[in-house]
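See structure below.
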Amino acid sequence: GAVVSQHPSWVICKSGTSVKIECRSLDFQATTMFWYRQFPKQSLMLMATSNEGSKATYEQGVEKDKFLINHASLTLSTLTVTSAHPEDSSFYICSAADGDQPQHFGDGTRLSIL
Amino acid sequence: DAKTTQPNSMESNEEEPVHLPCNHSTISGTDYIHWYRQLPSQGPEYVIHGLTSNVNNRMASLAIAEDRKSSTLILHRATLRDAAVYYCIPPSGGSYIPTFGRGTSLIVHP
C-alpha cells in the first residue's frame with residue numbers, strides 16, 4: 001500500500017531555532033501534500049495545501065513566513081518552522097495524495113521547543 | 001463546505017460489530033466520503049472511501065445512504081487494536097481540501 005515517510009519523528013530544540021520536517025511518498029507520486037498541526041486532545045488542523053512545483057496555499061491564520069513549505073518534487077515536501085518558540089510546540093503531520101485519491105499520512109513529528 | 005456530524009464517543013465489546021455513523025447533509029454530488037482513524041500519538045490511517053455504493057475492504061465496510069446525506073462505517077468484529085478516533089471526511093465541493101472534525105472516539109472493552 002501507499003507509504004508516507006515523515007522525518008524526524010520527534011525534535012527537541014531551543015527557542016529561536018529553525019526546524020525542518022520532511023515528508024516523502026515512498027511508492028507513489030504525490031500531486032498534493034497537506035500539512036496539519038494537532039494539539040493535545042484536539043483534532044487535526046489543516047495548515048496548508050501544497051501542490052508540486054507551485055506555492056503552498058495556507059489556511060487562514062497560518063503565517064506563511066513562519067511555516068515555510070516547499071514541494072519541489074512529486075515525492076518530497078518540507079515544512080520549516082522558522083525561529084520556533086514554545087507556542088509552536090505541537091504534533092505536526094503530513095499527508096500525501098495522488099489526485100483525488102485518499103490521503104496517506106506520515107507518522108507525525110512531535111516538536112518541543114524549550 | 002460539507003460539514004460532518006459524528007458522535008463524540010462510542011463503546012463496544014471485543015468481537016462485537018460496531019456501527020459508526022456520520023451525517024454529511026451538505027455533501028455535493030461528486031464528493032467521495034473518506035474515513036480515517038487515528039491511534040494515539042500516530043498519524044491518521046486510511047480506512048475506506050466510497051461515492052454511492054456500499055464498499056467493503058479488509059478493514060471495514062462502508063454503508064452509504066441512498067441520498068448520500070449520511071454514511072456508516074462498520075467494523076464487523078471489533079478488536080482492542082480498533083480503539084481509535086474515527087474521522088468521516090467528505091471533501092468540500094469538488095476541490096479536495098480535507099478538514100477534520102472532532103471524530104468519534106471508539107472505546108473497545110475486552
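Identifiers in the C-alpha cells: chain A, B, ... in order shown; residue index from 1 per chain; ligand index from 1 in order shown.
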Closest atom pairs, residues of chain B within 6 Å of chain A, only C-alpha atoms, as CSV:
```
residue,atom,partner,partner_atom,distance
B:Gln42,CA,A:Asp107,CA,5.2
B:Gly43,CA,A:Asp107,CA,4.4
B:Pro44,CA,A:Phe105,CA,6.0
B:Phe100,CA,A:Leu44,CA,5.9
B:Arg102,CA,A:Ser43,CA,5.4
```
Go ahead and write the residues just picked, N, CA, C and O atoms, as an mmCIF file, in the first residue's frame.
```cif
data_model
loop_
_atom_site.group_PDB
_atom_site.id
_atom_site.type_symbol
_atom_site.label_atom_id
_atom_site.label_comp_id
_atom_site.auth_asym_id
_atom_site.auth_seq_id
_atom_site.Cartn_x
_atom_site.Cartn_y
_atom_site.Cartn_z
ATOM 1 N N GLN B 42 -0.086 8.780 16.748
ATOM 2 C CA GLN B 42 0.234 8.385 15.376
ATOM 3 C C GLN B 42 -0.503 9.268 14.388
ATOM 4 O O GLN B 42 -1.457 9.954 14.735
ATOM 5 N N GLY B 43 -0.039 9.255 13.144
ATOM 6 C CA GLY B 43 -0.786 9.933 12.102
ATOM 7 C C GLY B 43 -2.020 9.135 11.746
ATOM 8 O O GLY B 43 -2.101 7.940 12.011
ATOM 9 N N PRO B 44 -3.018 9.787 11.153
ATOM 10 C CA PRO B 44 -4.222 9.062 10.759
ATOM 11 C C PRO B 44 -3.919 7.971 9.736
ATOM 12 O O PRO B 44 -2.948 8.029 8.991
ATOM 13 N N PHE B 100 -10.635 18.029 9.162
ATOM 14 C CA PHE B 100 -11.033 17.050 10.164
ATOM 15 C C PHE B 100 -11.918 17.689 11.218
ATOM 16 O O PHE B 100 -11.594 18.739 11.756
ATOM 17 N N ARG B 102 -14.156 16.608 14.926
ATOM 18 C CA ARG B 102 -13.686 16.024 16.185
ATOM 19 C C ARG B 102 -13.643 14.503 16.137
ATOM 20 O O ARG B 102 -12.959 13.876 16.934
#
```
Contact residues around B:Pro40 with only C-alpha atoms at 10 Å, ignoring same-chain residues under 6 positions, as a ChimeraX atom specification:
/A:41 /B:83-85
If we count only C-alpha atoms and set the cut-off at 6 Å, which residues sit around B:Pro90, ignoring sequence neighbours fewer than 2 positions away in its own chain? Please answer as a ChimeraX atom specification.
/B:32-34
Residues near B:Asn13, cut-off 9 Å, only C-alpha atoms, skip fewer than 6 positions along chain, as a ChimeraX atom specification:
/B:78-80,107-110
Go ahead and save the residues from that selection, with C-alpha atoms, as a short mmCIF file (atom, residue, chain, number, x, y, z; two decimals), in the first residue's frame.
```cif
data_model
loop_
_atom_site.label_atom_id
_atom_site.label_comp_id
_atom_site.auth_asym_id
_atom_site.auth_seq_id
_atom_site.Cartn_x
_atom_site.Cartn_y
_atom_site.Cartn_z
CA ALA B 78 -14.05 -5.07 16.96
CA THR B 79 -10.66 -5.80 18.45
CA LEU B 80 -8.70 -3.88 21.07
CA ILE B 107 -13.58 2.51 23.12
CA VAL B 108 -13.32 -1.28 22.90
CA HIS B 109 -13.77 -3.31 26.07
CA PRO B 110 -12.09 -6.70 26.43
#
```
Residues near A:Val11, cut-off 7 Å, only C-alpha atoms, skip fewer than 2 positions along chain, as a list in words:
Pro8, Cys13, Arg110, Leu111 and Ser112 of chain A
Distance query B:Ile48 at most 12 Å, only C-alpha atoms, self and fewer than 4 positions along chain excluded, as an mmCIF file with N, CA and C atoms, in the first residue's frame:
```cif
data_model
loop_
_atom_site.group_PDB
_atom_site.id
_atom_site.type_symbol
_atom_site.label_atom_id
_atom_site.label_comp_id
_atom_site.auth_asym_id
_atom_site.auth_seq_id
_atom_site.Cartn_x
_atom_site.Cartn_y
_atom_site.Cartn_z
ATOM 1 N N GLN A 101 -7.340 10.752 -5.052
ATOM 2 C CA GLN A 101 -7.270 9.502 -4.290
ATOM 3 C C GLN A 101 -7.184 9.816 -2.803
ATOM 4 N N PRO A 102 -7.487 8.830 -1.931
ATOM 5 C CA PRO A 102 -7.396 9.097 -0.488
ATOM 6 C C PRO A 102 -6.001 9.532 -0.068
ATOM 7 N N GLN A 103 -5.961 10.310 0.991
ATOM 8 C CA GLN A 103 -4.691 10.732 1.552
ATOM 9 C C GLN A 103 -4.024 9.571 2.280
ATOM 10 N N HIS A 104 -2.702 9.643 2.331
ATOM 11 C CA HIS A 104 -1.936 8.721 3.161
ATOM 12 C C HIS A 104 -1.031 9.575 4.042
ATOM 13 N N TYR B 32 -16.509 12.184 -2.795
ATOM 14 C CA TYR B 32 -16.342 10.904 -2.131
ATOM 15 C C TYR B 32 -16.407 11.095 -0.613
ATOM 16 N N ILE B 33 -16.783 10.040 0.069
ATOM 17 C CA ILE B 33 -16.775 10.032 1.525
ATOM 18 C C ILE B 33 -15.582 9.189 1.958
ATOM 19 N N HIS B 34 -14.692 9.816 2.725
ATOM 20 C CA HIS B 34 -13.494 9.127 3.200
ATOM 21 C C HIS B 34 -13.591 8.906 4.700
ATOM 22 N N TRP B 35 -13.088 7.790 5.157
ATOM 23 C CA TRP B 35 -12.969 7.511 6.581
ATOM 24 C C TRP B 35 -11.506 7.235 6.923
ATOM 25 N N TYR B 36 -11.075 7.852 8.004
ATOM 26 C CA TYR B 36 -9.736 7.629 8.520
ATOM 27 C C TYR B 36 -9.856 7.322 10.008
ATOM 28 N N ARG B 37 -8.804 6.749 10.581
ATOM 29 C CA ARG B 37 -8.775 6.578 12.023
ATOM 30 C C ARG B 37 -7.383 6.939 12.515
ATOM 31 N N ASN B 54 -22.279 0.799 -1.481
ATOM 32 C CA ASN B 54 -21.605 0.272 -0.295
ATOM 33 C C ASN B 54 -20.268 -0.337 -0.707
ATOM 34 N N VAL B 55 -19.304 -0.228 0.173
ATOM 35 C CA VAL B 55 -17.938 -0.639 -0.131
ATOM 36 C C VAL B 55 -17.430 -1.554 0.976
ATOM 37 N N ASN B 56 -16.632 -2.523 0.590
ATOM 38 C CA ASN B 56 -16.005 -3.415 1.562
ATOM 39 C C ASN B 56 -14.511 -3.505 1.292
ATOM 40 N N ASN B 57 -13.724 -3.552 2.359
ATOM 41 C CA ASN B 57 -12.322 -3.904 2.214
ATOM 42 C C ASN B 57 -11.917 -4.726 3.431
ATOM 43 N N ARG B 58 -10.616 -4.999 3.537
ATOM 44 C CA ARG B 58 -10.187 -5.915 4.602
ATOM 45 C C ARG B 58 -10.347 -5.306 5.984
ATOM 46 N N MET B 59 -10.469 -3.978 6.037
ATOM 47 C CA MET B 59 -10.564 -3.337 7.351
ATOM 48 C C MET B 59 -12.003 -3.148 7.802
ATOM 49 N N ALA B 60 -12.873 -2.785 6.858
ATOM 50 C CA ALA B 60 -14.220 -2.374 7.259
ATOM 51 C C ALA B 60 -15.165 -2.395 6.076
ATOM 52 N N SER B 61 -16.417 -2.070 6.361
ATOM 53 C CA SER B 61 -17.418 -1.853 5.322
ATOM 54 C C SER B 61 -17.960 -0.448 5.468
ATOM 55 N N LEU B 62 -18.384 0.129 4.367
ATOM 56 C CA LEU B 62 -18.964 1.462 4.363
ATOM 57 C C LEU B 62 -20.341 1.385 3.733
ATOM 58 N N ALA B 63 -21.339 1.754 4.522
ATOM 59 C CA ALA B 63 -22.715 1.783 4.031
ATOM 60 C C ALA B 63 -23.095 3.243 3.812
ATOM 61 N N ILE B 64 -23.486 3.579 2.596
ATOM 62 C CA ILE B 64 -23.818 4.958 2.238
ATOM 63 C C ILE B 64 -25.316 5.046 1.982
ATOM 64 N N SER B 71 -23.558 8.272 6.234
ATOM 65 C CA SER B 71 -22.886 7.004 5.973
ATOM 66 C C SER B 71 -22.564 6.347 7.303
ATOM 67 N N THR B 72 -22.284 5.053 7.249
ATOM 68 C CA THR B 72 -21.957 4.295 8.452
ATOM 69 C C THR B 72 -20.743 3.429 8.193
ATOM 70 N N LEU B 73 -19.756 3.575 9.018
ATOM 71 C CA LEU B 73 -18.585 2.703 8.963
ATOM 72 C C LEU B 73 -18.860 1.495 9.840
ATOM 73 N N ILE B 74 -18.655 0.315 9.289
ATOM 74 C CA ILE B 74 -18.950 -0.907 10.016
ATOM 75 C C ILE B 74 -17.675 -1.707 10.234
ATOM 76 N N LEU B 75 -17.364 -1.927 11.505
ATOM 77 C CA LEU B 75 -16.283 -2.855 11.869
ATOM 78 C C LEU B 75 -16.978 -4.141 12.267
ATOM 79 N N TYR B 86 -12.146 7.907 15.017
ATOM 80 C CA TYR B 86 -12.554 7.678 13.633
ATOM 81 C C TYR B 86 -13.115 8.972 13.048
ATOM 82 N N TYR B 87 -12.580 9.346 11.912
ATOM 83 C CA TYR B 87 -12.978 10.588 11.248
ATOM 84 C C TYR B 87 -13.672 10.279 9.928
ATOM 85 N N CYS B 88 -14.795 10.929 9.728
ATOM 86 C CA CYS B 88 -15.528 10.866 8.465
ATOM 87 C C CYS B 88 -15.274 12.179 7.750
ATOM 88 N N ILE B 89 -14.790 12.136 6.501
ATOM 89 C CA ILE B 89 -14.403 13.362 5.817
ATOM 90 C C ILE B 89 -14.917 13.366 4.387
ATOM 91 N N PRO B 90 -15.984 14.079 4.143
ATOM 92 C CA PRO B 90 -16.278 14.358 2.748
ATOM 93 C C PRO B 90 -15.493 15.585 2.310
#
```
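Coordinates place atom CA of A:Thr82 at a distance of 16.1 Å from atom CA of A:Gly61.
With only C-alpha atoms as the atoms that count, the residue of B:Thr30, B:Ser105, B:Gln6, B:Thr99 with the shortest distance to B:Ser70 is B:Gln6.
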Using DSSP on the backbone coordinates, identify all residues within stretch 65-107 of chain B classified as strand (DSSP E); present the result as an mmCIF file with C-alpha atoms, in the first residue's frame.
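For reference, states-v2.cif as written:
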```cif
data_model
loop_
_atom_site.group_PDB
_atom_site.id
_atom_site.type_symbol
_atom_site.label_atom_id
_atom_site.label_comp_id
_atom_site.auth_asym_id
_atom_site.auth_seq_id
_atom_site.Cartn_x
_atom_site.Cartn_y
_atom_site.Cartn_z
ATOM 1 C CA SER B 70 -25.155 10.010 5.836
ATOM 2 C CA SER B 71 -22.886 7.004 5.973
ATOM 3 C CA THR B 72 -21.957 4.295 8.452
ATOM 4 C CA LEU B 73 -18.585 2.703 8.963
ATOM 5 C CA ILE B 74 -18.950 -0.907 10.016
ATOM 6 C CA LEU B 75 -16.283 -2.855 11.869
ATOM 7 C CA ALA B 84 -9.031 4.917 17.946
ATOM 8 C CA VAL B 85 -10.610 8.180 16.859
ATOM 9 C CA TYR B 86 -12.554 7.678 13.633
ATOM 10 C CA TYR B 87 -12.978 10.588 11.248
ATOM 11 C CA CYS B 88 -15.528 10.866 8.465
ATOM 12 C CA ILE B 89 -14.403 13.362 5.817
ATOM 13 C CA THR B 104 -15.704 9.577 17.161
ATOM 14 C CA SER B 105 -13.542 8.098 19.879
ATOM 15 C CA LEU B 106 -14.151 4.348 19.862
ATOM 16 C CA ILE B 107 -13.575 2.509 23.125
#
```
Could you jot down the atom CA of A:His71 to atom CA of A:Trp35 separation for me, Å, one decimal place?
11.3 Å
Taking 5 positions as the minimum chain separation for residues in the same chain, which residues sit within 7 Å of A:Gly16 when counting only C-alpha atoms? Answer as a count of residues only.
3
